[in-house]
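Structure, as C-alpha cells:
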Amino acid sequence: MREFRKVKVDLGDKSYHVHIGENIVDLLPEIISPFVTRKKIFLVSDEAVGSTILPRVRKILEDSGFELSVILVPSGEKSKNFEQLQILLSELLDNNIERRDIVIALGGGVIGDLVGFASSILYRGINFIQIPTTLLAQVDSSIGGKTAINVKQGKNLVGSFHQPKIVVADVNFLSTLSLREVKAGFAEVIKYAVLGDRSFFDWLSENSKKLLKLNTESLIHAIETSCKMKAKIVKEDEYEQGKRVLLNLGHTFGHAFEKSVNTNGEGQSILHGEAIGIGICLAAKLSEDFEESNIEDSIAIEKLVADFGLPTNILDISKNLKISEVIKFMKHDKKRSDDKNTLILLKGIGEAFIHNDVKDKDLARFLNNQGLKK
Ligand SMILES: NC(=O)c1ccc[n+]([C@@H]2O[C@H](COP(=O)([O-])OP(=O)(O)OC[C@H]3O[C@@H](n4cnc5c(N)ncnc54)[C@H](O)[C@@H]3O)[C@@H](O)[C@H]2O)c1
C-alpha cells in the first residue's frame with residue numbers, strides 16, 4: 001500500500017498542510033481543487049525539472065481538465081535575482097494572470113524562493129503552491145513561507161514572508177536528482193536532528209545507507225520528521241523574531257562559504273547543502289570553544305555529515321578563502337555591521353541555542369585555528 005503523510009503547519013487562517021508520499025502527485029488535482037478559482041493554472045519550473053518531472057505533472061493536471069500556462073526559468077542559483085524576478089512577473093502578467101489565480105512552484109529551493117517572492121508582490125500577494133522536487137526543498141525551503149532573491153551583497157537579502165497554500169512532496173521525484181544533490185539535501189535533515197532531536201540523530205546514524213539509496217519508507221520518515229520540526233518552530237515564531245533563528249544552524253558559516261567559494265573560489269563550486277553540512281560541523285566545534293558543548297558530540301556530528309557523503313571541512317573545497325572575507329559575508333547574512341555576530345551554537349546534540357555576541361576577534365581566531373588564511 002502507498003504511504004501518504006500529512007503535516008500541518010499551524011498558522012491560524014494561514015494554516016496549510018504538507019502532503020508527503022510516494023506518487024502523491026497523482027492526487028494533485030484533488031489536493032489543489034479547494035484553492036483554484038478557474039481552470040487556468042500558472043506553473044513555474046526550471047529547465048532541468050521542465051524536462052524530467054514537468055511532463056508528468058502537466059499530464060496529470062491536463063487530464064483533469066486544467067489549462068496550464070507554463071513558464072520555465074534557467075536552472076540553478078543564478079536565477080534567484082532581480083532580472084529573473086522581473087522576467088517572471090512580466091510573463092505572468094503577459095499571460096493574463098488574475099488576482100485570484102494560483103501559481104505552482106515546481107522545482108527545488110531556487111524555484112520555490114523565486115516564485116514565492118514573485119507571488120508575494122504580484123497584485124500585492126497572490127496564492128501559490130509548492131511542489132518541491134529536491135530533498136532540500138521537501139524538508140526545508142518549501143515550508144515556512146520565507147521567500148527571497150540574492151543581491152550582490154549577499155544571499156536572500158531581498159524577500160518576504162508569504163506562506164504557500166499547500167506543499168506536495170512526492171518522494172519519487174528524488175529519483176532523477178543527482179546523488180550530489182541528494183546528499184546536499186540531507187544536510188538540512190541532519191540540521192533538524194542536531195538542533196532539536198537526539199533520537200532522530202541516532203536514527204539517521206543507523207539509516208544513512210538506506211536513505212542514500214532512497215529507500216521510500218525511510219525517506220518518508222525522514223521528510224515527515226523534518227517537516228514536523230520545521231512546522232513546530234514556524235508555528236511558534238513565523239516571522240523569525242526568536243526561536244525560528246535556530247533553523248539557521250550552520251547557515252551563517254554556510255552562506256558565507258557559498259558566497260566566497262562560488263564568487264572567488266577559482267573554479268570550485270559548493271552546493272547550499274554542502275556548505276550547510278560544513279557549517280554545522282563548525283558550529284559544533286565553535287560551541288566547544290565557548291565551553292558549551294563537548295568534543296564527543298562534535299565528532300559524532302562530523303561523522304554523521306561524512307556518513308551522508310558530505311564534506312566536513314571547507315579546506316577540502318577551497319584553500320584560498322580569506323578569514324576577513326568570510327566574516328564580511330557572515331555579517332551580511334545576519335544583517336549586522338557591528339563587531340557582534342549571532343550564531344546558533346550547541347549545548348550538545350539536540351540542544352541548539354542562540355548566541356548573540358560572538359565577537360569578530362573570536363571568530364577570526366577560530367577560523368584561523370581551522371586552517372583558513374588571514
Ligand atoms: N526559503 C527557505 O526557507 C529556504 C531554506 C533553505 C534553502 N533555501 C534556498 O534553496 C536554494 C537551494 O535549493 P535546492 O538545493 O533545491 O537548489 P535548486 O533549486 O537549484 O535545485 C538544485 C538542482 O537540481 C535540479 N533539480 C531539481 N529537482 C530535480 C529533480 N527532481 N530531478 C533532477 N534535477 C532536479 C535543479 O534544476 C537544480 O539544477 C538556495 O537558494 C537556498 O537559499 C531556502
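Note on naming: chains are A, B, ... as they come in the C-alpha cells, residues start from 1 per chain, ligands start from 1 in the order shown.
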When the cut-off is 7 Å and you count only C-alpha atoms and all ligand atoms, which residues lie near ligand 1, shown as a PDB file with C-alpha atoms, in the first residue's frame?
ATOM      1  CA  ASP A  46      13.237  25.385 -14.167  1.00  0.00           C
ATOM      2  CA  GLU A  47      14.729  23.923 -17.307  1.00  0.00           C
ATOM      3  CA  ALA A  48      16.024  20.702 -15.678  1.00  0.00           C
ATOM      4  CA  VAL A  49      12.743  19.944 -13.933  1.00  0.00           C
ATOM      5  CA  THR A  52      12.148  15.478 -16.147  1.00  0.00           C
ATOM      6  CA  ILE A  53       9.144  15.970 -13.876  1.00  0.00           C
ATOM      7  CA  SER A  75      18.189  26.082 -13.541  1.00  0.00           C
ATOM      8  CA  GLY A  76      20.328  26.983 -10.566  1.00  0.00           C
ATOM      9  CA  GLU A  77      21.054  29.670  -8.014  1.00  0.00           C
ATOM     10  CA  LYS A  80      17.380  33.923  -7.850  1.00  0.00           C
ATOM     11  CA  GLY A 107      11.262  22.679  -8.512  1.00  0.00           C
ATOM     12  CA  GLY A 108      13.940  22.999  -5.883  1.00  0.00           C
ATOM     13  CA  GLY A 109      14.570  25.770  -3.374  1.00  0.00           C
ATOM     14  CA  VAL A 110      15.527  28.230  -6.095  1.00  0.00           C
ATOM     15  CA  ILE A 111      12.151  27.965  -7.832  1.00  0.00           C
ATOM     16  CA  ASP A 113      12.089  31.094  -3.288  1.00  0.00           C
ATOM     17  CA  THR A 133      11.413  18.385  -6.241  1.00  0.00           C
ATOM     18  CA  THR A 134      14.712  18.341  -4.337  1.00  0.00           C
ATOM     19  CA  LEU A 135      15.206  16.806  -0.925  1.00  0.00           C
ATOM     20  CA  LEU A 136      16.364  20.161   0.399  1.00  0.00           C
ATOM     21  CA  ALA A 137      13.164  21.807  -0.754  1.00  0.00           C
ATOM     22  CA  ASP A 140      13.056  22.816   4.342  1.00  0.00           C
ATOM     23  CA  SER A 141      12.650  25.600   1.810  1.00  0.00           C
ATOM     24  CA  SER A 142       9.067  24.808   0.721  1.00  0.00           C
ATOM     25  CA  ILE A 143       7.790  25.130   4.286  1.00  0.00           C
ATOM     26  CA  GLY A 144       7.563  28.238   6.427  1.00  0.00           C
ATOM     27  CA  GLY A 145       6.946  30.986   3.901  1.00  0.00           C
ATOM     28  CA  LYS A 146      10.393  32.544   3.620  1.00  0.00           C
ATOM     29  CA  THR A 147      10.915  33.746   0.076  1.00  0.00           C
ATOM     30  CA  ALA A 148      13.872  35.643  -1.349  1.00  0.00           C
ATOM     31  CA  LYS A 155      22.185  35.650  -0.361  1.00  0.00           C
ATOM     32  CA  ASN A 156      18.479  36.039   0.392  1.00  0.00           C
ATOM     33  CA  PHE A 173      10.719  12.980  -7.677  1.00  0.00           C
ATOM     34  CA  LEU A 174      14.016  12.457  -5.911  1.00  0.00           C
ATOM     35  CA  SER A 175      14.953   9.519  -8.169  1.00  0.00           C
ATOM     36  CA  THR A 176      16.021  11.846 -11.011  1.00  0.00           C
ATOM     37  CA  LEU A 177      18.069  14.056  -8.709  1.00  0.00           C
ATOM     38  CA  SER A 178      21.869  13.696  -8.873  1.00  0.00           C
ATOM     39  CA  GLU A 181      22.038  16.990  -4.750  1.00  0.00           C
ATOM     40  CA  GLY A 185      19.558  17.756   0.926  1.00  0.00           C
ATOM     41  CA  HIS A 272      23.968  25.096  -0.478  1.00  0.00           C
ATOM     42  CA  GLY A 273      23.580  21.810   1.422  1.00  0.00           C
TER      43      GLY A 273
END
Discussion item. Can you tell me which residues surround segment 28-37 of chain A at a distance of at most 8 Å, considering only C-alpha atoms, apart from same-chain residues fewer than 4 positions away, and format the answer as a ChimeraX atom specification?
Written reply: /A:24,41,60-61,64,100-102,165-166,168
Please run DSSP on the backbone and report, as an mmCIF file with N, CA and C atoms, in the first residue's frame, all residues within segment 69-302 of chain A that come out as strand (DSSP E).
data_model
loop_
_atom_site.group_PDB
_atom_site.id
_atom_site.type_symbol
_atom_site.label_atom_id
_atom_site.label_comp_id
_atom_site.auth_asym_id
_atom_site.auth_seq_id
_atom_site.Cartn_x
_atom_site.Cartn_y
_atom_site.Cartn_z
ATOM 1 N N SER A 69 -0.517 27.254 -17.984
ATOM 2 C CA SER A 69 0.370 28.244 -18.576
ATOM 3 C C SER A 69 1.721 28.023 -17.893
ATOM 4 N N VAL A 70 2.704 27.522 -18.668
ATOM 5 C CA VAL A 70 3.980 27.105 -18.070
ATOM 6 C C VAL A 70 5.072 28.125 -18.367
ATOM 7 N N ILE A 71 5.828 28.476 -17.331
ATOM 8 C CA ILE A 71 6.963 29.388 -17.508
ATOM 9 C C ILE A 71 8.211 28.675 -16.981
ATOM 10 N N LEU A 72 9.257 28.611 -17.804
ATOM 11 C CA LEU A 72 10.496 27.960 -17.362
ATOM 12 C C LEU A 72 11.586 29.002 -17.171
ATOM 13 N N VAL A 73 12.336 28.861 -16.084
ATOM 14 C CA VAL A 73 13.481 29.756 -15.868
ATOM 15 C C VAL A 73 14.749 28.894 -15.889
ATOM 16 N N ILE A 102 -3.840 31.003 -9.086
ATOM 17 C CA ILE A 102 -2.840 30.354 -8.244
ATOM 18 C C ILE A 102 -1.616 30.012 -9.092
ATOM 19 N N VAL A 103 -0.442 30.148 -8.485
ATOM 20 C CA VAL A 103 0.804 29.806 -9.185
ATOM 21 C C VAL A 103 1.419 28.592 -8.498
ATOM 22 N N ILE A 104 1.834 27.620 -9.307
ATOM 23 C CA ILE A 104 2.524 26.447 -8.750
ATOM 24 C C ILE A 104 4.026 26.622 -8.960
ATOM 25 N N ALA A 105 4.788 26.414 -7.888
ATOM 26 C CA ALA A 105 6.252 26.412 -7.991
ATOM 27 C C ALA A 105 6.687 24.955 -8.018
ATOM 28 N N LEU A 106 7.159 24.491 -9.169
ATOM 29 C CA LEU A 106 7.585 23.095 -9.311
ATOM 30 C C LEU A 106 9.104 23.075 -9.466
ATOM 31 N N GLY A 107 9.804 22.702 -8.418
ATOM 32 C CA GLY A 107 11.262 22.679 -8.512
ATOM 33 C C GLY A 107 11.908 22.658 -7.138
ATOM 34 N N ASN A 127 -2.022 33.702 -4.344
ATOM 35 C CA ASN A 127 -1.790 32.379 -3.763
ATOM 36 C C ASN A 127 -0.768 31.574 -4.567
ATOM 37 N N PHE A 128 0.013 30.781 -3.843
ATOM 38 C CA PHE A 128 0.905 29.868 -4.560
ATOM 39 C C PHE A 128 1.003 28.537 -3.835
ATOM 40 N N ILE A 129 1.426 27.541 -4.622
ATOM 41 C CA ILE A 129 1.541 26.165 -4.122
ATOM 42 C C ILE A 129 2.970 25.708 -4.349
ATOM 43 N N GLN A 130 3.508 24.998 -3.393
ATOM 44 C CA GLN A 130 4.871 24.490 -3.539
ATOM 45 C C GLN A 130 4.825 23.003 -3.894
ATOM 46 N N ILE A 131 5.475 22.639 -4.997
ATOM 47 C CA ILE A 131 5.709 21.212 -5.280
ATOM 48 C C ILE A 131 7.227 21.032 -5.337
ATOM 49 N N PRO A 132 7.832 20.793 -4.177
ATOM 50 C CA PRO A 132 9.294 20.724 -4.123
ATOM 51 C C PRO A 132 9.823 19.433 -4.752
ATOM 52 N N LYS A 146 9.319 31.584 3.905
ATOM 53 C CA LYS A 146 10.393 32.544 3.620
ATOM 54 C C LYS A 146 10.659 32.511 2.136
ATOM 55 N N THR A 147 10.643 33.678 1.513
ATOM 56 C CA THR A 147 10.915 33.746 0.076
ATOM 57 C C THR A 147 12.001 34.796 -0.124
ATOM 58 N N ALA A 148 12.800 34.656 -1.169
ATOM 59 C CA ALA A 148 13.872 35.643 -1.349
ATOM 60 C C ALA A 148 14.579 35.508 -2.683
ATOM 61 N N ILE A 149 15.290 36.575 -3.030
ATOM 62 C CA ILE A 149 16.276 36.515 -4.106
ATOM 63 C C ILE A 149 17.622 36.982 -3.530
ATOM 64 N N ASN A 150 18.669 36.730 -4.292
ATOM 65 C CA ASN A 150 20.006 37.155 -3.869
ATOM 66 C C ASN A 150 20.352 38.498 -4.510
ATOM 67 N N VAL A 151 21.184 39.270 -3.840
ATOM 68 C CA VAL A 151 21.727 40.501 -4.431
ATOM 69 C C VAL A 151 23.243 40.458 -4.262
ATOM 70 N N GLY A 154 24.799 39.781 -0.864
ATOM 71 C CA GLY A 154 24.654 38.508 -0.153
ATOM 72 C C GLY A 154 23.414 37.735 -0.568
ATOM 73 N N LYS A 155 23.309 36.531 -0.022
ATOM 74 C CA LYS A 155 22.185 35.650 -0.361
ATOM 75 C C LYS A 155 20.923 36.023 0.406
ATOM 76 N N ASN A 156 19.801 35.920 -0.248
ATOM 77 C CA ASN A 156 18.479 36.039 0.392
ATOM 78 C C ASN A 156 18.258 37.361 1.122
ATOM 79 N N LEU A 157 18.910 38.430 0.644
ATOM 80 C CA LEU A 157 18.776 39.699 1.377
ATOM 81 C C LEU A 157 17.524 40.480 0.993
ATOM 82 N N VAL A 158 16.894 40.107 -0.117
ATOM 83 C CA VAL A 158 15.650 40.788 -0.517
ATOM 84 C C VAL A 158 14.559 39.728 -0.613
ATOM 85 N N GLY A 159 13.528 39.868 0.189
ATOM 86 C CA GLY A 159 12.488 38.835 0.168
ATOM 87 C C GLY A 159 11.304 39.193 1.040
ATOM 88 N N SER A 160 10.495 38.200 1.327
ATOM 89 C CA SER A 160 9.275 38.448 2.102
ATOM 90 C C SER A 160 8.840 37.159 2.788
ATOM 91 N N PHE A 161 7.868 37.305 3.693
ATOM 92 C CA PHE A 161 7.228 36.122 4.261
ATOM 93 C C PHE A 161 5.904 35.946 3.537
ATOM 94 N N VAL A 167 1.722 22.304 0.311
ATOM 95 C CA VAL A 167 3.002 21.786 -0.157
ATOM 96 C C VAL A 167 2.777 20.310 -0.512
ATOM 97 N N VAL A 168 3.235 19.902 -1.672
ATOM 98 C CA VAL A 168 3.071 18.497 -2.083
ATOM 99 C C VAL A 168 4.463 17.922 -2.349
ATOM 100 N N ALA A 169 4.919 17.035 -1.463
ATOM 101 C CA ALA A 169 6.275 16.479 -1.577
ATOM 102 C C ALA A 169 6.199 15.010 -1.989
ATOM 103 N N ASP A 170 6.527 14.751 -3.250
ATOM 104 C CA ASP A 170 6.480 13.378 -3.766
ATOM 105 C C ASP A 170 7.895 12.803 -3.734
#
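For His251 of chain A, the set of protein, DNA and RNA residues having any atom at most 10 Å away, when counting only C-alpha atoms and skipping those fewer than 4 positions along the same chain, is Glu188, Lys191, Leu246, Leu247, His255, Ala256, Phe257, Glu258, His272, Gly273, Ala275, Ile276, Gly277, Ile278, Gly279, Ile280, Ala283, Met330, Asp333, Lys334, Leu343 and Ile344 of chain A.
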Could those selected residues go to a file with C-alpha atoms, as a PDB file, in the first residue's frame?
ATOM      1  CA  GLU A 188      19.173  20.103   6.192  1.00  0.00           C
ATOM      2  CA  LYS A 191      20.320  20.106  10.873  1.00  0.00           C
ATOM      3  CA  LEU A 246      17.555  28.186  15.432  1.00  0.00           C
ATOM      4  CA  LEU A 247      16.820  26.904  11.918  1.00  0.00           C
ATOM      5  CA  HIS A 255      26.038  31.132   3.406  1.00  0.00           C
ATOM      6  CA  ALA A 256      29.418  32.871   3.768  1.00  0.00           C
ATOM      7  CA  PHE A 257      31.199  29.835   2.290  1.00  0.00           C
ATOM      8  CA  GLU A 258      28.681  29.609  -0.559  1.00  0.00           C
ATOM      9  CA  HIS A 272      23.968  25.096  -0.478  1.00  0.00           C
ATOM     10  CA  GLY A 273      23.580  21.810   1.422  1.00  0.00           C
ATOM     11  CA  ALA A 275      28.074  24.469   2.728  1.00  0.00           C
ATOM     12  CA  ILE A 276      25.478  23.874   5.458  1.00  0.00           C
ATOM     13  CA  GLY A 277      26.995  20.476   6.336  1.00  0.00           C
ATOM     14  CA  ILE A 278      30.378  22.155   6.864  1.00  0.00           C
ATOM     15  CA  GLY A 279      28.664  24.999   8.740  1.00  0.00           C
ATOM     16  CA  ILE A 280      27.013  22.546  11.166  1.00  0.00           C
ATOM     17  CA  ALA A 283      29.063  25.413  14.788  1.00  0.00           C
ATOM     18  CA  MET A 330      28.711  36.268   7.668  1.00  0.00           C
ATOM     19  CA  ASP A 333      23.948  37.148   6.203  1.00  0.00           C
ATOM     20  CA  LYS A 334      22.852  38.276   9.620  1.00  0.00           C
ATOM     21  CA  LEU A 343      25.379  32.268  15.720  1.00  0.00           C
ATOM     22  CA  ILE A 344      23.441  29.144  16.535  1.00  0.00           C
TER      23      ILE A 344
END
Quick check for you: according to DSSP on this backbone, which residues of segment 175-241 of chain A are classed as alpha helix (DSSP H)? Reply as a compact mmCIF listing (two decimals) with N, CA and C atoms, in the first residue's frame.
# COMPACT_ATOMS: atom_id res chain seq x y z
N LEU A 179 23.08 12.33 -7.29
CA LEU A 179 23.43 11.88 -5.93
C LEU A 179 24.01 13.06 -5.13
N ARG A 180 24.75 13.94 -5.81
CA ARG A 180 25.34 15.09 -5.11
C ARG A 180 24.24 15.97 -4.50
N GLU A 181 23.15 16.17 -5.26
CA GLU A 181 22.04 16.99 -4.75
C GLU A 181 21.29 16.27 -3.62
N VAL A 182 21.18 14.94 -3.74
CA VAL A 182 20.50 14.17 -2.67
C VAL A 182 21.29 14.34 -1.37
N LYS A 183 22.60 14.13 -1.47
CA LYS A 183 23.46 14.26 -0.28
C LYS A 183 23.32 15.66 0.32
N ALA A 184 23.33 16.68 -0.55
CA ALA A 184 23.23 18.06 -0.08
C ALA A 184 21.92 18.27 0.69
N GLY A 185 20.85 17.64 0.23
CA GLY A 185 19.56 17.76 0.93
C GLY A 185 19.62 17.18 2.33
N PHE A 186 20.41 16.12 2.49
CA PHE A 186 20.48 15.52 3.83
C PHE A 186 21.14 16.45 4.85
N ALA A 187 21.90 17.43 4.39
CA ALA A 187 22.49 18.38 5.35
C ALA A 187 21.38 19.07 6.15
N GLU A 188 20.27 19.42 5.47
CA GLU A 188 19.17 20.10 6.19
C GLU A 188 18.45 19.12 7.12
N VAL A 189 18.39 17.85 6.72
CA VAL A 189 17.77 16.84 7.59
C VAL A 189 18.62 16.68 8.86
N ILE A 190 19.93 16.60 8.65
CA ILE A 190 20.86 16.49 9.79
C ILE A 190 20.70 17.71 10.70
N LYS A 191 20.50 18.87 10.09
CA LYS A 191 20.32 20.11 10.87
C LYS A 191 19.20 19.95 11.90
N TYR A 192 18.04 19.43 11.46
CA TYR A 192 16.92 19.28 12.40
C TYR A 192 17.31 18.38 13.56
N ALA A 193 17.99 17.25 13.24
CA ALA A 193 18.37 16.31 14.29
C ALA A 193 19.32 16.98 15.27
N VAL A 194 20.32 17.69 14.74
CA VAL A 194 21.34 18.30 15.60
C VAL A 194 20.74 19.41 16.45
N LEU A 195 19.81 20.16 15.87
CA LEU A 195 19.30 21.31 16.64
C LEU A 195 18.25 20.93 17.68
N GLY A 196 17.55 19.79 17.45
CA GLY A 196 16.49 19.56 18.41
C GLY A 196 16.01 18.14 18.65
N ARG A 198 17.69 14.37 19.48
CA ARG A 198 18.78 13.40 19.63
C ARG A 198 18.38 12.02 19.09
N SER A 199 17.11 11.62 19.33
CA SER A 199 16.73 10.27 18.87
C SER A 199 16.66 10.23 17.34
N PHE A 200 16.27 11.33 16.70
CA PHE A 200 16.29 11.39 15.23
C PHE A 200 17.75 11.33 14.74
N PHE A 201 18.64 11.96 15.48
CA PHE A 201 20.07 11.92 15.15
C PHE A 201 20.55 10.46 15.13
N ASP A 202 20.18 9.72 16.19
CA ASP A 202 20.60 8.31 16.27
C ASP A 202 19.97 7.50 15.14
N TRP A 203 18.68 7.80 14.84
CA TRP A 203 18.01 7.07 13.76
C TRP A 203 18.70 7.36 12.41
N LEU A 204 19.08 8.60 12.19
CA LEU A 204 19.79 8.95 10.94
C LEU A 204 21.13 8.22 10.86
N SER A 205 21.82 8.13 12.02
CA SER A 205 23.12 7.44 12.04
C SER A 205 22.93 5.98 11.63
N GLU A 206 21.83 5.37 12.10
CA GLU A 206 21.59 3.95 11.78
C GLU A 206 21.09 3.73 10.36
N ASN A 207 20.49 4.75 9.77
CA ASN A 207 19.81 4.55 8.49
C ASN A 207 20.42 5.31 7.31
N SER A 208 21.65 5.81 7.48
CA SER A 208 22.22 6.65 6.42
C SER A 208 22.33 5.90 5.08
N LYS A 209 22.72 4.62 5.15
CA LYS A 209 22.91 3.88 3.88
C LYS A 209 21.59 3.72 3.15
N LYS A 210 20.54 3.33 3.90
CA LYS A 210 19.21 3.14 3.29
C LYS A 210 18.72 4.45 2.70
N LEU A 211 18.94 5.52 3.45
CA LEU A 211 18.45 6.83 2.99
C LEU A 211 19.16 7.26 1.71
N LEU A 212 20.48 7.02 1.66
CA LEU A 212 21.21 7.41 0.45
C LEU A 212 20.79 6.58 -0.76
N THR A 216 12.15 4.16 0.13
CA THR A 216 10.95 5.00 0.23
C THR A 216 10.47 5.20 1.66
N GLU A 217 10.36 4.09 2.38
CA GLU A 217 9.81 4.18 3.74
C GLU A 217 10.70 5.07 4.64
N SER A 218 12.02 4.85 4.52
CA SER A 218 12.95 5.65 5.34
C SER A 218 12.89 7.12 4.94
N LEU A 219 12.82 7.36 3.62
CA LEU A 219 12.76 8.75 3.15
C LEU A 219 11.51 9.46 3.69
N ILE A 220 10.38 8.75 3.61
CA ILE A 220 9.13 9.38 4.07
C ILE A 220 9.26 9.72 5.56
N HIS A 221 9.86 8.82 6.33
CA HIS A 221 10.02 9.09 7.76
C HIS A 221 10.94 10.32 7.98
N ALA A 222 12.05 10.35 7.23
CA ALA A 222 13.00 11.47 7.39
C ALA A 222 12.34 12.80 7.00
N ILE A 223 11.58 12.79 5.91
CA ILE A 223 10.95 14.03 5.44
C ILE A 223 9.85 14.46 6.42
N GLU A 224 9.05 13.50 6.85
CA GLU A 224 7.96 13.84 7.78
C GLU A 224 8.51 14.40 9.11
N THR A 225 9.54 13.74 9.63
CA THR A 225 10.12 14.21 10.91
C THR A 225 10.68 15.62 10.76
N SER A 226 11.37 15.85 9.62
CA SER A 226 11.95 17.17 9.38
C SER A 226 10.85 18.23 9.26
N CYS A 227 9.81 17.89 8.48
CA CYS A 227 8.71 18.85 8.28
C CYS A 227 8.00 19.16 9.60
N LYS A 228 7.83 18.13 10.43
CA LYS A 228 7.16 18.36 11.73
C LYS A 228 7.97 19.34 12.58
N MET A 229 9.28 19.14 12.57
CA MET A 229 10.12 20.03 13.38
C MET A 229 10.07 21.46 12.84
N LYS A 230 10.13 21.58 11.51
CA LYS A 230 10.08 22.94 10.94
C LYS A 230 8.72 23.57 11.24
N ALA A 231 7.65 22.78 11.07
CA ALA A 231 6.30 23.31 11.29
C ALA A 231 6.14 23.79 12.74
N LYS A 232 6.70 23.04 13.67
CA LYS A 232 6.58 23.39 15.10
C LYS A 232 7.29 24.73 15.37
N ILE A 233 8.48 24.86 14.83
CA ILE A 233 9.25 26.10 15.08
C ILE A 233 8.58 27.29 14.39
N VAL A 234 8.11 27.08 13.15
CA VAL A 234 7.47 28.18 12.40
C VAL A 234 6.18 28.61 13.10
N LYS A 235 5.45 27.63 13.65
CA LYS A 235 4.21 27.96 14.37
C LYS A 235 4.51 28.90 15.55
N GLU A 236 5.61 28.61 16.24
CA GLU A 236 5.95 29.42 17.42
C GLU A 236 6.51 30.79 17.05
Discussion item. At a cut-off of 10 Å, using only C-alpha atoms, what residues contact Leu88 of chain A? Leave out same-chain residues fewer than 5 positions from it and give the result as a PyMOL selection string.
Written reply: chain A and resi 44+71-73+82-83+93-94+114-115+118
Writing out the chosen residues with N, CA and C atoms as an mmCIF file, in the first residue's frame:
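Done, and the output landed in selection_8.cif:
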data_model
loop_
_atom_site.group_PDB
_atom_site.id
_atom_site.type_symbol
_atom_site.label_atom_id
_atom_site.label_comp_id
_atom_site.auth_asym_id
_atom_site.auth_seq_id
_atom_site.Cartn_x
_atom_site.Cartn_y
_atom_site.Cartn_z
ATOM 1 N N VAL A 44 5.344 27.430 -12.673
ATOM 2 C CA VAL A 44 6.709 27.889 -12.949
ATOM 3 C C VAL A 44 7.673 26.791 -12.532
ATOM 4 N N ILE A 71 5.828 28.476 -17.331
ATOM 5 C CA ILE A 71 6.963 29.388 -17.508
ATOM 6 C C ILE A 71 8.211 28.675 -16.981
ATOM 7 N N LEU A 72 9.257 28.611 -17.804
ATOM 8 C CA LEU A 72 10.496 27.960 -17.362
ATOM 9 C C LEU A 72 11.586 29.002 -17.171
ATOM 10 N N VAL A 73 12.336 28.861 -16.084
ATOM 11 C CA VAL A 73 13.481 29.756 -15.868
ATOM 12 C C VAL A 73 14.749 28.894 -15.889
ATOM 13 N N PHE A 82 17.091 39.752 -9.375
ATOM 14 C CA PHE A 82 16.092 40.737 -9.799
ATOM 15 C C PHE A 82 15.692 40.540 -11.257
ATOM 16 N N GLU A 83 16.694 40.198 -12.086
ATOM 17 C CA GLU A 83 16.416 40.083 -13.513
ATOM 18 C C GLU A 83 15.383 38.974 -13.770
ATOM 19 N N LEU A 93 2.119 38.348 -16.092
ATOM 20 C CA LEU A 93 1.170 39.408 -16.474
ATOM 21 C C LEU A 93 0.809 39.317 -17.967
ATOM 22 N N ASP A 94 1.825 39.030 -18.804
ATOM 23 C CA ASP A 94 1.542 38.885 -20.240
ATOM 24 C C ASP A 94 0.565 37.743 -20.499
ATOM 25 N N LEU A 114 12.031 31.952 -5.562
ATOM 26 C CA LEU A 114 11.761 32.959 -6.598
ATOM 27 C C LEU A 114 10.253 33.116 -6.831
ATOM 28 N N VAL A 115 9.569 31.992 -6.972
ATOM 29 C CA VAL A 115 8.128 32.042 -7.248
ATOM 30 C C VAL A 115 7.367 32.540 -6.018
ATOM 31 N N ALA A 118 7.852 36.276 -6.010
ATOM 32 C CA ALA A 118 7.042 36.888 -7.081
ATOM 33 C C ALA A 118 5.561 36.880 -6.667
#
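Interatomic distance, atom CA of Val326 of chain A to atom CA of Glu302 of chain A: 21.0 Å.
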Worksheet item: If you measure from atom CA of Lys14 of chain A to atom CA of His162 of chain A, what distance in Å do you get, rounded to one decimal?
Response: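 Atom CA of Lys14 of chain A sits 9.5 Å away from atom CA of His162 of chain A.
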Discussion item. I need the residue nearest Gly250 of chain A from this list: A:Ser269, A:Ser324, A:Thr342, A:Asn369. Use only C-alpha atoms for the distance.
Written reply: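 Under the stated criterion, the closest residue is A:Thr342.
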Fill in: Coordinates-based distance that separates atom CA of Glu351 of chain A from atom CA of Lys6 of chain A (Å, one decimal)
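We find that atom CA of Lys6 of chain A and atom CA of Glu351 of chain A lie 26.3 Å from each other.
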Worksheet item: So which one's closest to Lys347 of chain A, A:His332, A:Ala306, A:Leu286, A:Ile327? Using only C-alpha atoms, please.
Response: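 Looking at the shortest contact to Lys347 of chain A, the residue is A:Leu286.
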